[in-house]
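Structure file final_11.tsv; described as TSV, N, CA and C atoms.
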```tsv
chain	number	residue	atom	x	y	z
K	177	MET	N	39.13	44.58	2.60
K	177	MET	CA	38.13	45.44	3.22
K	177	MET	C	37.70	44.86	4.57
K	178	ALA	N	37.55	43.56	4.64
K	178	ALA	CA	37.13	42.93	5.89
K	178	ALA	C	38.18	43.12	6.98
K	179	VAL	N	39.44	43.00	6.62
K	179	VAL	CA	40.51	43.20	7.60
K	179	VAL	C	40.50	44.64	8.10
K	180	GLN	N	40.33	45.59	7.19
K	180	GLN	CA	40.29	47.00	7.60
K	180	GLN	C	39.09	47.28	8.48
K	181	ALA	N	37.94	46.67	8.18
K	181	ALA	CA	36.75	46.85	9.02
K	181	ALA	C	37.01	46.35	10.43
K	182	ASP	N	37.70	45.22	10.57
K	182	ASP	CA	38.03	44.70	11.89
K	182	ASP	C	38.98	45.63	12.64
K	183	ILE	N	39.97	46.17	11.94
K	183	ILE	CA	40.91	47.11	12.57
K	183	ILE	C	40.18	48.35	13.05
K	184	SER	N	39.31	48.90	12.21
K	184	SER	CA	38.55	50.09	12.57
K	184	SER	C	37.64	49.81	13.76
K	185	ALA	N	36.96	48.67	13.74
K	185	ALA	CA	36.05	48.32	14.84
K	185	ALA	C	36.83	48.21	16.15
K	186	ASP	N	38.00	47.59	16.12
K	186	ASP	CA	38.81	47.47	17.34
K	186	ASP	C	39.22	48.84	17.87
K	187	LYS	N	39.64	49.73	16.98
K	187	LYS	CA	40.05	51.06	17.41
K	187	LYS	C	38.88	51.84	18.01
K	188	LEU	N	37.71	51.73	17.40
K	188	LEU	CA	36.55	52.45	17.91
K	188	LEU	C	36.04	51.83	19.21
K	189	GLN	N	36.14	50.52	19.36
K	189	GLN	CA	35.74	49.88	20.61
K	189	GLN	C	36.58	50.42	21.77
K	190	ALA	N	37.83	50.73	21.51
K	190	ALA	CA	38.71	51.28	22.55
K	190	ALA	C	38.25	52.66	23.02
K	191	ARG	N	37.42	53.32	22.26
K	191	ARG	CA	36.93	54.66	22.63
K	191	ARG	C	35.75	54.59	23.59
K	192	ILE	N	35.12	53.41	23.72
K	192	ILE	CA	33.97	53.27	24.62
K	192	ILE	C	34.39	53.61	26.05
K	193	GLY	N	33.59	54.45	26.69
K	193	GLY	CA	33.87	54.90	28.05
K	193	GLY	C	34.66	56.20	28.11
K	194	GLN	N	35.27	56.59	27.00
K	194	GLN	CA	36.04	57.83	26.95
K	194	GLN	C	35.12	59.03	26.74
K	195	GLU	N	35.56	60.19	27.19
K	195	GLU	CA	34.82	61.43	26.98
K	195	GLU	C	35.56	62.30	25.98
K	196	TYR	N	34.80	62.90	25.08
K	196	TYR	CA	35.37	63.76	24.04
K	196	TYR	C	34.52	65.02	23.89
K	197	LEU	N	35.19	66.11	23.58
K	197	LEU	CA	34.50	67.33	23.19
K	197	LEU	C	34.20	67.20	21.70
K	198	ILE	N	32.93	67.25	21.33
K	198	ILE	CA	32.58	67.12	19.92
K	198	ILE	C	32.03	68.43	19.37
K	199	LEU	N	32.19	68.60	18.09
K	199	LEU	CA	31.63	69.71	17.35
K	199	LEU	C	30.34	69.21	16.71
K	200	VAL	N	29.23	69.89	16.97
K	200	VAL	CA	27.94	69.49	16.40
K	200	VAL	C	27.89	69.93	14.94
K	201	ASP	N	27.68	68.94	14.05
K	201	ASP	CA	27.55	69.23	12.63
K	201	ASP	C	26.10	69.44	12.23
K	202	GLU	N	25.20	68.66	12.83
K	202	GLU	CA	23.78	68.80	12.50
K	202	GLU	C	22.92	68.23	13.61
K	203	VAL	N	21.68	68.69	13.64
K	203	VAL	CA	20.66	68.13	14.52
K	203	VAL	C	19.51	67.75	13.61
K	204	ASN	N	19.16	66.47	13.61
K	204	ASN	CA	18.08	66.00	12.74
K	204	ASN	C	17.02	65.28	13.56
K	205	ASP	N	16.08	64.61	12.89
K	205	ASP	CA	14.98	63.96	13.60
K	205	ASP	C	15.42	62.78	14.45
K	206	LEU	N	16.66	62.31	14.31
K	206	LEU	CA	17.18	61.21	15.12
K	206	LEU	C	18.04	61.69	16.28
K	207	GLY	N	18.49	62.94	16.24
K	207	GLY	CA	19.32	63.49	17.31
K	207	GLY	C	20.47	64.31	16.78
K	208	ILE	N	21.53	64.36	17.57
K	208	ILE	CA	22.71	65.17	17.25
K	208	ILE	C	23.73	64.32	16.49
K	209	VAL	N	24.33	64.92	15.48
K	209	VAL	CA	25.42	64.29	14.73
K	209	VAL	C	26.62	65.23	14.81
K	210	GLY	N	27.76	64.68	15.22
K	210	GLY	CA	28.94	65.53	15.34
K	210	GLY	C	30.21	64.75	15.10
K	211	ARG	N	31.33	65.37	15.49
K	211	ARG	CA	32.63	64.72	15.31
K	211	ARG	C	33.59	65.24	16.37
K	212	SER	N	34.56	64.40	16.69
K	212	SER	CA	35.58	64.79	17.66
K	212	SER	C	36.77	65.41	16.92
K	213	TYR	N	37.77	65.82	17.67
K	213	TYR	CA	38.96	66.41	17.05
K	213	TYR	C	39.70	65.41	16.17
K	214	MET	N	39.43	64.11	16.35
K	214	MET	CA	40.11	63.08	15.56
K	214	MET	C	39.40	62.75	14.26
K	215	ASP	N	38.22	63.31	14.05
K	215	ASP	CA	37.37	62.92	12.93
K	215	ASP	C	37.30	64.03	11.88
K	216	ALA	N	37.82	63.74	10.69
K	216	ALA	CA	37.76	64.69	9.59
K	216	ALA	C	36.41	64.59	8.89
K	217	PRO	N	35.81	65.73	8.53
K	217	PRO	CA	34.53	65.69	7.83
K	217	PRO	C	34.64	64.92	6.51
K	218	GLU	N	33.62	64.16	6.20
K	218	GLU	CA	33.49	63.41	4.96
K	218	GLU	C	34.56	62.33	4.78
K	219	VAL	N	35.39	62.09	5.80
K	219	VAL	CA	36.41	61.05	5.70
K	219	VAL	C	36.22	60.02	6.81
K	220	ASP	N	36.13	60.50	8.04
K	220	ASP	CA	36.02	59.62	9.19
K	220	ASP	C	34.56	59.44	9.60
K	221	GLY	N	34.37	58.54	10.56
K	221	GLY	CA	33.04	58.28	11.08
K	221	GLY	C	32.49	59.45	11.86
K	222	LYS	N	31.29	59.28	12.36
K	222	LYS	CA	30.59	60.34	13.08
K	222	LYS	C	30.29	59.91	14.50
K	223	VAL	N	29.96	60.90	15.32
K	223	VAL	CA	29.50	60.67	16.68
K	223	VAL	C	28.01	60.99	16.70
K	224	TYR	N	27.21	60.02	17.13
K	224	TYR	CA	25.76	60.18	17.18
K	224	TYR	C	25.27	60.25	18.62
K	225	LEU	N	24.35	61.17	18.89
K	225	LEU	CA	23.67	61.25	20.17
K	225	LEU	C	22.18	61.10	19.88
K	226	SER	N	21.69	59.89	19.98
K	226	SER	CA	20.29	59.61	19.68
K	226	SER	C	19.40	60.23	20.75
K	227	ASP	N	18.28	60.75	20.34
K	227	ASP	CA	17.28	61.32	21.23
K	227	ASP	C	17.79	62.52	22.04
K	228	ASP	N	18.78	63.23	21.54
K	228	ASP	CA	19.25	64.47	22.16
K	228	ASP	C	19.21	65.54	21.08
K	229	TYR	N	18.43	66.59	21.32
K	229	TYR	CA	18.20	67.61	20.30
K	229	TYR	C	18.59	69.01	20.75
K	230	ASP	N	19.12	69.12	21.97
K	230	ASP	CA	19.38	70.42	22.57
K	230	ASP	C	20.77	70.94	22.19
K	231	ALA	N	20.95	71.23	20.90
K	231	ALA	CA	22.20	71.78	20.41
K	231	ALA	C	21.94	72.40	19.04
K	232	GLU	N	22.87	73.20	18.61
K	232	GLU	CA	22.83	73.83	17.29
K	232	GLU	C	24.13	73.50	16.56
K	233	PRO	N	24.11	73.43	15.23
K	233	PRO	CA	25.36	73.24	14.50
K	233	PRO	C	26.38	74.31	14.91
K	234	GLY	N	27.60	73.85	15.16
K	234	GLY	CA	28.65	74.74	15.62
K	234	GLY	C	28.89	74.69	17.12
K	235	ASP	N	27.91	74.18	17.88
K	235	ASP	CA	28.10	74.03	19.32
K	235	ASP	C	29.15	72.97	19.60
K	236	GLN	N	29.80	73.09	20.75
K	236	GLN	CA	30.71	72.06	21.23
K	236	GLN	C	30.14	71.50	22.51
K	237	ILE	N	30.05	70.17	22.60
K	237	ILE	CA	29.50	69.53	23.79
K	237	ILE	C	30.37	68.33	24.17
K	238	TRP	N	30.38	68.02	25.46
K	238	TRP	CA	31.12	66.85	25.94
K	238	TRP	C	30.22	65.63	25.85
K	239	VAL	N	30.82	64.53	25.37
K	239	VAL	CA	30.09	63.29	25.14
K	239	VAL	C	30.91	62.12	25.66
K	240	GLN	N	30.23	61.16	26.29
K	240	GLN	CA	30.86	59.89	26.65
K	240	GLN	C	30.42	58.85	25.64
K	241	ILE	N	31.38	58.13	25.06
K	241	ILE	CA	31.09	57.12	24.05
K	241	ILE	C	30.55	55.87	24.74
K	242	ILE	N	29.40	55.36	24.24
K	242	ILE	CA	28.77	54.18	24.85
K	242	ILE	C	28.65	53.00	23.89
K	243	HIS	N	28.87	53.22	22.59
K	243	HIS	CA	28.72	52.15	21.60
K	243	HIS	C	29.55	52.50	20.37
K	244	ALA	N	30.02	51.47	19.66
K	244	ALA	CA	30.78	51.69	18.43
K	244	ALA	C	30.54	50.54	17.47
K	245	ASP	N	30.63	50.84	16.18
K	245	ASP	CA	30.64	49.80	15.15
K	245	ASP	C	31.91	49.97	14.33
K	246	GLU	N	31.94	49.54	13.08
K	246	GLU	CA	33.15	49.63	12.28
K	246	GLU	C	33.50	51.04	11.86
K	247	HIS	N	32.52	51.95	11.86
K	247	HIS	CA	32.75	53.28	11.30
K	247	HIS	C	32.38	54.43	12.23
K	248	ASP	N	31.38	54.26	13.06
K	248	ASP	CA	30.83	55.35	13.85
K	248	ASP	C	30.76	54.98	15.32
K	249	VAL	N	30.54	56.03	16.15
K	249	VAL	CA	30.35	55.82	17.58
K	249	VAL	C	29.08	56.54	18.03
K	250	TRP	N	28.52	56.07	19.15
K	250	TRP	CA	27.34	56.67	19.74
K	250	TRP	C	27.69	57.06	21.16
K	251	GLY	N	27.11	58.17	21.59
K	251	GLY	CA	27.42	58.64	22.93
K	251	GLY	C	26.25	59.30	23.61
K	252	VAL	N	26.52	59.72	24.84
K	252	VAL	CA	25.56	60.48	25.63
K	252	VAL	C	26.26	61.73	26.14
K	253	ARG	N	25.50	62.77	26.29
K	253	ARG	CA	26.07	64.05	26.76
K	253	ARG	C	26.46	63.91	28.22
K	254	VAL	N	27.58	64.54	28.56
K	254	VAL	CA	28.03	64.61	29.96
K	254	VAL	C	28.26	66.07	30.30
K	255	GLU	N	28.25	66.36	31.57
K	255	GLU	CA	28.50	67.74	32.02
K	255	GLU	C	29.97	68.08	31.78
K	256	ASP	N	30.22	69.32	31.35
K	256	ASP	CA	31.61	69.74	31.11
K	256	ASP	C	32.26	70.28	32.34
```
As structure tokens, please, write out the structure in this file.
Amino acid sequence: MAVQADISADKLQARIGQEYLILVDEVNDLGIVGRSYMDAPEVDGKVYLSDDYDAEPGDQIWVQIIHADEHDVWGVRVED
């Protein structure tokens, strides 16, 4: 499990600085939660946009990835 966590973390670190079109899955009290075309629901990690609430489930927005851990990434909205 530790080896796999390291592999996943390395792959997600490589996404930092990249821009992706994400599908918004939910908007909650922490912000937007979504996924990119590479992320399967309930299997892969999520894309989080903290302190951004201006979206509805089903919207697609462009995001630049700014942080990653072993499973998930965090981003900020960018203009499309």
*Within 9 Å of stretch 189-204 of chain K, counting only C-alpha atoms, which residues qualify if same-chain residues fewer than 5 places away don't, as a PyMOL selection string?*
chain K and resi 184+209-213+223+228-246+249-251+254+256
*asked:* Considering only N, CA and C atoms, can you say which of K:Asp248, K:Asp227, K:Asp220, K:Glu255 comes closest to K:Leu188?
replied: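 That would be K:Asp248, the residue with the smallest distance to K:Leu188.
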_One-decimal distance in Å that lies between atom C of K:Ala185 and atom CA of K:Arg253_ =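 Answer for the atom CA of K:Arg253 to atom C of K:Ala185 separation: 21.9 Å.
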*For atom C of K:Asp215 and atom CA of K:Gln180, determine how far apart the two atoms are, in Å to one decimal place.*
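Going from atom C of K:Asp215 over to atom CA of K:Gln180, I get 17.8 Å.
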*Could you work out how far atom CA of K:His247 lies from atom CA of K:Gly221, giving the answer in Å with one decimal?*
5.0 Å
*Which of stretch 181-246 of chain K DSSP labels strand (DSSP E), written as a PyMOL selection string*: chain K and resi 195-204+207-211+223-226+236-244
